[in-house]
Amino acid sequence: MPSYTAPVKDMQFLLHDVLMVSDADVPGYADLDQGFTSAVLEEAGKVASDVLAPLNAVGDREGCVLENGVVRTPKGFDAAFKAMKEGGWTALDCDPEYGGQGLPYLMGTAVGEIFVSANMAFNMYQGLTHGAYSAIHTHGTAEQKAKYLPKMVSCDWTGTMNLTEPHCGTDLGLMRTKAEPQADGSYKITGQKIFISAGEHDLAENIIHLVLAKAPGGGEGTKGISLFIVPKFLVNDDGSLGARNSLSCGKIEEKMGIHGNATCVMNYDGATGWLLGDLHKGMRAMFTMMNEARLGVGLQGYAQAEAAYQNALAYAKDRLQGRAVTGTENPDGPADPLIVHPDIRRNLMDQKSFVEGARALTFWAAHLIDRSVRQGDAAAEGLVSLMIPVIKGFQTDKGFDMAVAAQQVYGGHGYIEEWGMSQFARDARIAMIYEGANGVQALDLVGRKLTQDGGKHVMAFFDMVKAECKAHDEDARMKGFTDALKVASKQLQQAGMFFMQQGMKNPNAALSGSYDFMHLMGHVCLGLMWTRMAKAAYAALDAGAGDKDFYESKIATGRYYMARQLPACAMHLARIETGSETVMALSAEAF
Ligand SMILES: Cc1cc2nc3c(=O)[nH]c(=O)nc-3n(C[C@H](O)[C@H](O)[C@H](O)COP(=O)(O)OP(=O)(O)OC[C@H]3O[C@@H](n4cnc5c(N)ncnc54)[C@H](O)[C@@H]3O)c2cc1C
């Protein structure tokens, strides 16, 4: 069975050598010294390896079961959930006013990666709760916050997000779920939601559903949508649980992966709900949480690839097949280990260079969220909003590809369930779909984010890349990084120009290239991250840092990414510049 060890050293490198958190002037960062962050990450790593990872295959095998309206989670999930709660892990980056520990979002992200790598399906119960917590924290009244948040911070009550309906996924304007106002200020919610993650389960005393529905007078499309708090058990004024609300789980879905997480059809039959935020502004309320939610899914992409990579690497060192073409490396054995073969090396380097680059991008974005939330830094907020569709779309596409690549290292054994490698690929697959399918992320990037605030954020990004390259002009060791980054960044700008010139004349021309643009920008972002990591590694080596091998390996991995992955940018640009002609050539009937 696969095992998992938290990559604490890599995370420490990002926090202290690259982001230099202790020196960053962000409220709450002063406590993040080496000793503190290492203690938190090591402890999270122990929980992940000892408690969560052993349950990953159990959850996959057993799945969830719906019996008499109650969903039973896999054996061991209940005890593990209790351990997570008692360890305070659910409260890490929550507001101390409601029982949280108040750590920066960046720390929540690092710990989140560790838990997601160990057991993605299990971690979703807590992840969804954090999303609902954030929505109530941002948009709730003082009374709503006091009523729901303390129990959600501790995960005694969990949360859900209810958007999707049978006939409406991406196009939420088609929503049918109704909210009828009542004399006491509550609403009666009626409708069916599908695919609701953690919609029903046996891990918590209560489930706080956040439900999008249409209230009268809001008009057509998404404009009429409002957001409601709809608890499974109504909550009395003294905080105790009251009557069961009129809602139920009608079915749980059989699915490709994340079997340990219940994906529910939820029926609301005149259920009692309370408005969260402003009437008819439900979409706006959802959008304010979108950055965190999409960053969380982008994290799932590379976190699954990390877990798969760790096991593929161990297998490549252990499995003996063939001999190295340059001469035997294991003369005492019947064959050499797989890792001697250049094609296995290529595969492992693809995985390693992606995972470490994606982690750097995700941590940087989490740091920008801290800057924006804790300091009110508008530039950081603009930049992260630009990055989010890239983090979600690019990282989950590549994360899945890399989980499959790790499976490939095992040959036929990767296809056999006993080895556990197919679960990483199956679990990673959903991240490309939910929280806005990746095609829609590309649409958001090209159709909205590039031009947001007059294009100011994308210009800031280009300036940042330029400044990064310029800063290393004098350092010959960095040339391999900056030369490749300059070329890729120019290709990205050229693609943006193409959209500007063609988009007005023919919108199909821009949208036919949006997916390539998202990947092109993903490579530029990871190129920027590798340039920063190489700079930090050289600085550590120059300062005589102890672990020379670690820093040299960072530089070598970065060189691989720049040399072997950034050339994909030219291909994406070439595709973009062909416009829509070949994409749209066939009539629907001709397919
Ligand atoms: C396991 C699982 C868990 C989920 N959890 C939740 C949850 O907790 N809460 C919740 O509310 N939902 C949840 N979902 C639903 C999920 O978010 C949706 O499935 C997703 O947003 C896509 O919607 P859809 O399935 O209706 O696909 P559609 O909207 O029908 O889209 C189908 C395809 O068309 C593309 N497409 C659609 N519109 C356009 C367009 N204008 N331009 C270009 N391409 C387009 C999409 O990219 C996609 O590839 C979950 C789904 C699954 C499978």
# chains A, B, ... in the order shown; residues from 1 in each chain; ligands from 1

call {"tool": "residues_near_ligand", "arguments": {"ligand": "ligand 1", "cutoff": "9 Å", "atoms": "only C-alpha atoms and all ligand atoms", "output": "PyMOL selection string"}}
result
chain A and resi 128+160-172+193-199+211-212+253+255-259+261-264+430-431+433-443+511

call {"tool": "write_last_selection", "arguments": {"atoms": "C-alpha atoms", "output": "short mmCIF file (atom, residue, chain, number, x, y, z; two decimals), in the first residue's frame"}}
result
data_model
loop_
_atom_site.label_atom_id
_atom_site.label_comp_id
_atom_site.auth_asym_id
_atom_site.auth_seq_id
_atom_site.Cartn_x
_atom_site.Cartn_y
_atom_site.Cartn_z
CA LEU A 128 -16.02 22.18 2.81
CA THR A 160 -21.57 22.25 2.63
CA MET A 161 -21.93 24.38 -0.50
CA ASN A 162 -25.11 23.76 -2.55
CA LEU A 163 -24.97 25.25 -6.04
CA THR A 164 -25.50 22.47 -8.57
CA GLU A 165 -28.91 21.23 -9.77
CA PRO A 166 -29.67 18.49 -12.30
CA HIS A 167 -30.13 20.92 -15.20
CA CYS A 168 -27.68 23.59 -14.03
CA GLY A 169 -23.98 23.32 -13.25
CA THR A 170 -21.86 25.93 -14.97
CA ASP A 171 -24.90 28.02 -15.93
CA LEU A 172 -26.28 28.86 -12.50
CA LYS A 193 -29.42 20.01 -5.38
CA ILE A 194 -27.12 17.32 -6.75
CA PHE A 195 -23.47 16.34 -6.33
CA ILE A 196 -23.28 17.93 -2.88
CA SER A 197 -20.00 16.93 -1.26
CA ALA A 198 -20.36 15.91 2.39
CA GLY A 199 -24.11 16.61 2.11
CA VAL A 211 -27.82 26.86 -0.37
CA LEU A 212 -28.18 29.10 -3.41
CA GLU A 253 -23.50 8.90 -6.17
CA LYS A 255 -18.25 7.66 -8.72
CA MET A 256 -14.74 7.28 -10.16
CA GLY A 257 -12.80 8.40 -7.06
CA ILE A 258 -12.95 10.15 -3.67
CA HIS A 259 -15.14 7.25 -2.53
CA ASN A 261 -16.50 11.45 0.59
CA ALA A 262 -20.30 11.26 0.27
CA THR A 263 -21.55 13.02 -2.89
CA CYS A 264 -25.23 13.57 -2.20
CA ILE A 430 -12.41 15.34 -9.89
CA ALA A 431 -10.30 18.42 -9.17
CA ILE A 433 -14.16 19.27 -12.82
CA TYR A 434 -15.63 20.70 -9.63
CA GLU A 435 -15.40 24.28 -8.39
CA GLY A 436 -15.84 25.29 -12.06
CA ALA A 437 -14.68 22.84 -14.77
CA ASN A 438 -11.23 23.69 -16.14
CA GLY A 439 -12.58 24.89 -19.49
CA VAL A 440 -14.58 27.45 -17.53
CA GLN A 441 -11.45 28.48 -15.58
CA ALA A 442 -9.79 29.24 -18.93
CA LEU A 443 -12.84 31.24 -19.94
CA LEU A 511 -12.11 31.48 -26.71
#

call {"tool": "residues_around", "arguments": {"residues": "A:Glu306", "least_positions_apart": "5", "cutoff": "10 Å", "atoms": "only C-alpha atoms", "output": "list in words"}}
result
Tyr4, Thr5, Ala6, Pro7, Glu113, Ile114, Ser117, Ala118, Gln300, Gly301, Asn311, Ala312, Gln351, Lys352, Phe354, Val355, Glu356, Arg359, Gly399, Met402, Ala403, Ala406 and Phe424 of chain A

call {"tool": "write_last_selection", "arguments": {"atoms": "C-alpha atoms", "output": "compact mmCIF listing (two decimals), in the first residue's frame"}}
result
# COMPACT_ATOMS: atom_id res chain seq x y z
CA TYR A 4 3.16 9.26 2.68
CA THR A 5 5.73 11.48 4.38
CA ALA A 6 5.10 15.21 4.67
CA PRO A 7 7.66 17.21 2.63
CA GLU A 113 -1.53 20.15 1.54
CA ILE A 114 -0.22 17.58 4.01
CA SER A 117 -1.93 14.33 0.13
CA ALA A 118 -2.57 11.78 2.86
CA GLN A 300 -5.64 19.10 -4.39
CA GLY A 301 -4.19 18.70 -7.90
CA ASN A 311 5.58 6.19 -4.03
CA ALA A 312 6.74 6.12 -7.65
CA GLN A 351 6.63 14.93 -11.55
CA LYS A 352 9.13 16.42 -9.13
CA PHE A 354 5.86 20.17 -11.39
CA VAL A 355 4.96 19.40 -7.77
CA GLU A 356 7.63 21.65 -6.27
CA ARG A 359 3.63 24.19 -4.30
CA GLY A 399 -1.70 17.12 -11.15
CA MET A 402 1.47 13.53 -12.99
CA ALA A 403 -0.57 11.06 -10.93
CA ALA A 406 3.56 8.05 -11.32
CA PHE A 424 -4.27 8.83 -6.84

call {"tool": "closest_residue", "arguments": {"among": "A:Met459, A:Met464, A:Val409, A:Leu106", "to": "A:Ala316", "atoms": "only C-alpha atoms"}}
result
A:Val409

call {"tool": "residues_around", "arguments": {"residues": "stretch 412-422 of chain A", "least_positions_apart": "3", "cutoff": "8 Å", "atoms": "only C-alpha atoms", "output": "list in words"}}
result
Met1, Pro2, Ala57, Ala308, Ala403, Val404, Ala406, Gln407, Gln408, Val409, Ala425 and Arg426 of chain A

call {"tool": "select_by_dssp", "arguments": {"residues": "stretch 311-527 of chain A", "states": "alpha helix (DSSP H)", "output": "VMD selection string"}}
result
chain A and resid 311 to 318 342 to 375 378 to 409 421 to 429 438 to 444 456 to 471 479 to 503 507 to 511 514 to 527

call {"tool": "atom_distance", "arguments": {"atom1": "atom CA of A:Ala271", "atom2": "atom CA of A:Ala204"}}
result
19.7 Å

call {"tool": "residues_around", "arguments": {"residues": "A:Asp463", "least_positions_apart": "6", "cutoff": "12 Å", "atoms": "only C-alpha atoms", "output": "ChimeraX atom specification"}}
result
/A:383,456-457,469-470,486,489-490,493,528

call {"tool": "write_last_selection", "arguments": {"atoms": "N, CA and C atoms", "output": "mmCIF file, in the first residue's frame"}}
result
data_model
loop_
_atom_site.group_PDB
_atom_site.id
_atom_site.type_symbol
_atom_site.label_atom_id
_atom_site.label_comp_id
_atom_site.auth_asym_id
_atom_site.auth_seq_id
_atom_site.Cartn_x
_atom_site.Cartn_y
_atom_site.Cartn_z
ATOM 1 N N LEU A 383 -3.692 40.578 -7.946
ATOM 2 C CA LEU A 383 -2.771 39.589 -8.499
ATOM 3 C C LEU A 383 -3.276 38.172 -8.224
ATOM 4 N N LYS A 456 -4.884 45.980 -15.405
ATOM 5 C CA LYS A 456 -3.804 46.418 -14.509
ATOM 6 C C LYS A 456 -3.077 45.247 -13.820
ATOM 7 N N HIS A 457 -3.816 44.174 -13.522
ATOM 8 C CA HIS A 457 -3.182 43.080 -12.774
ATOM 9 C C HIS A 457 -2.266 42.244 -13.663
ATOM 10 N N CYS A 469 13.722 38.934 -13.820
ATOM 11 C CA CYS A 469 14.798 38.609 -14.775
ATOM 12 C C CYS A 469 15.913 39.650 -14.664
ATOM 13 N N LYS A 470 15.523 40.902 -14.602
ATOM 14 C CA LYS A 470 16.504 41.984 -14.556
ATOM 15 C C LYS A 470 17.374 41.884 -13.296
ATOM 16 N N LYS A 486 12.296 34.842 -19.855
ATOM 17 C CA LYS A 486 12.045 36.003 -20.735
ATOM 18 C C LYS A 486 11.309 35.553 -21.994
ATOM 19 N N SER A 489 7.701 34.510 -21.176
ATOM 20 C CA SER A 489 6.877 35.651 -20.819
ATOM 21 C C SER A 489 6.506 36.464 -22.067
ATOM 22 N N LYS A 490 7.452 36.582 -23.007
ATOM 23 C CA LYS A 490 7.140 37.283 -24.274
ATOM 24 C C LYS A 490 6.063 36.535 -25.035
ATOM 25 N N GLN A 493 2.783 37.327 -23.526
ATOM 26 C CA GLN A 493 2.329 38.680 -23.899
ATOM 27 C C GLN A 493 1.811 38.695 -25.334
ATOM 28 N N LEU A 528 8.542 31.370 -13.227
ATOM 29 C CA LEU A 528 8.853 32.446 -12.280
ATOM 30 C C LEU A 528 9.182 31.857 -10.905
#

call {"tool": "closest_residue", "arguments": {"among": "A:Tyr98, A:Phe498, A:Phe77, A:Phe481", "to": "A:Arg559", "atoms": "only C-alpha atoms"}}
result
A:Phe481

call {"tool": "closest_residue", "arguments": {"among": "A:Ser248, A:Gly217, A:Val265, A:Ala536", "to": "A:His16", "atoms": "only C-alpha atoms"}}
result
A:Ala536

call {"tool": "residues_around", "arguments": {"residues": "stretch 514-516 of chain A", "least_positions_apart": "6", "cutoff": "10 Å", "atoms": "only C-alpha atoms", "output": "list in words"}}
result
Gly393, Phe394, Asn438, Gly439, Val440, Gln441, Ala442, Leu443, Asp444, Leu445, Val446, Gly447, Ala495, Phe499, Asn508, Gly522, Ala568, Cys569, Met571, His572, Leu573, Ala574, Arg575 and Ile576 of chain A

call {"tool": "residues_around", "arguments": {"residues": "A:Val71", "least_positions_apart": "2", "cutoff": "10 Å", "atoms": "only C-alpha atoms", "output": "number ranges by chain"}}
result
A: 64-69, 73-74, 198-203, 249, 251-252, 262, 264

call {"tool": "residues_around", "arguments": {"residues": "A:Thr362", "least_positions_apart": "5", "cutoff": "8 Å", "atoms": "only C-alpha atoms", "output": "PyMOL selection string"}}
result
chain A and resi 295+298-299+391

call {"tool": "write_last_selection", "arguments": {"atoms": "C-alpha atoms", "output": "PDB file, in the first residue's frame"}}
result
ATOM      1  CA  LEU A 295      -6.939  27.679  -4.528  1.00  0.00           C
ATOM      2  CA  GLY A 298      -5.646  23.699  -7.246  1.00  0.00           C
ATOM      3  CA  LEU A 299      -3.835  22.445  -4.148  1.00  0.00           C
ATOM      4  CA  ILE A 391      -3.800  27.663 -10.111  1.00  0.00           C
TER       5      ILE A 391
END

call {"tool": "closest_residue", "arguments": {"among": "A:Gln310, A:Thr396, A:Thr109, A:Asn56", "to": "A:Phe363", "atoms": "only C-alpha atoms"}}
result
A:Thr109
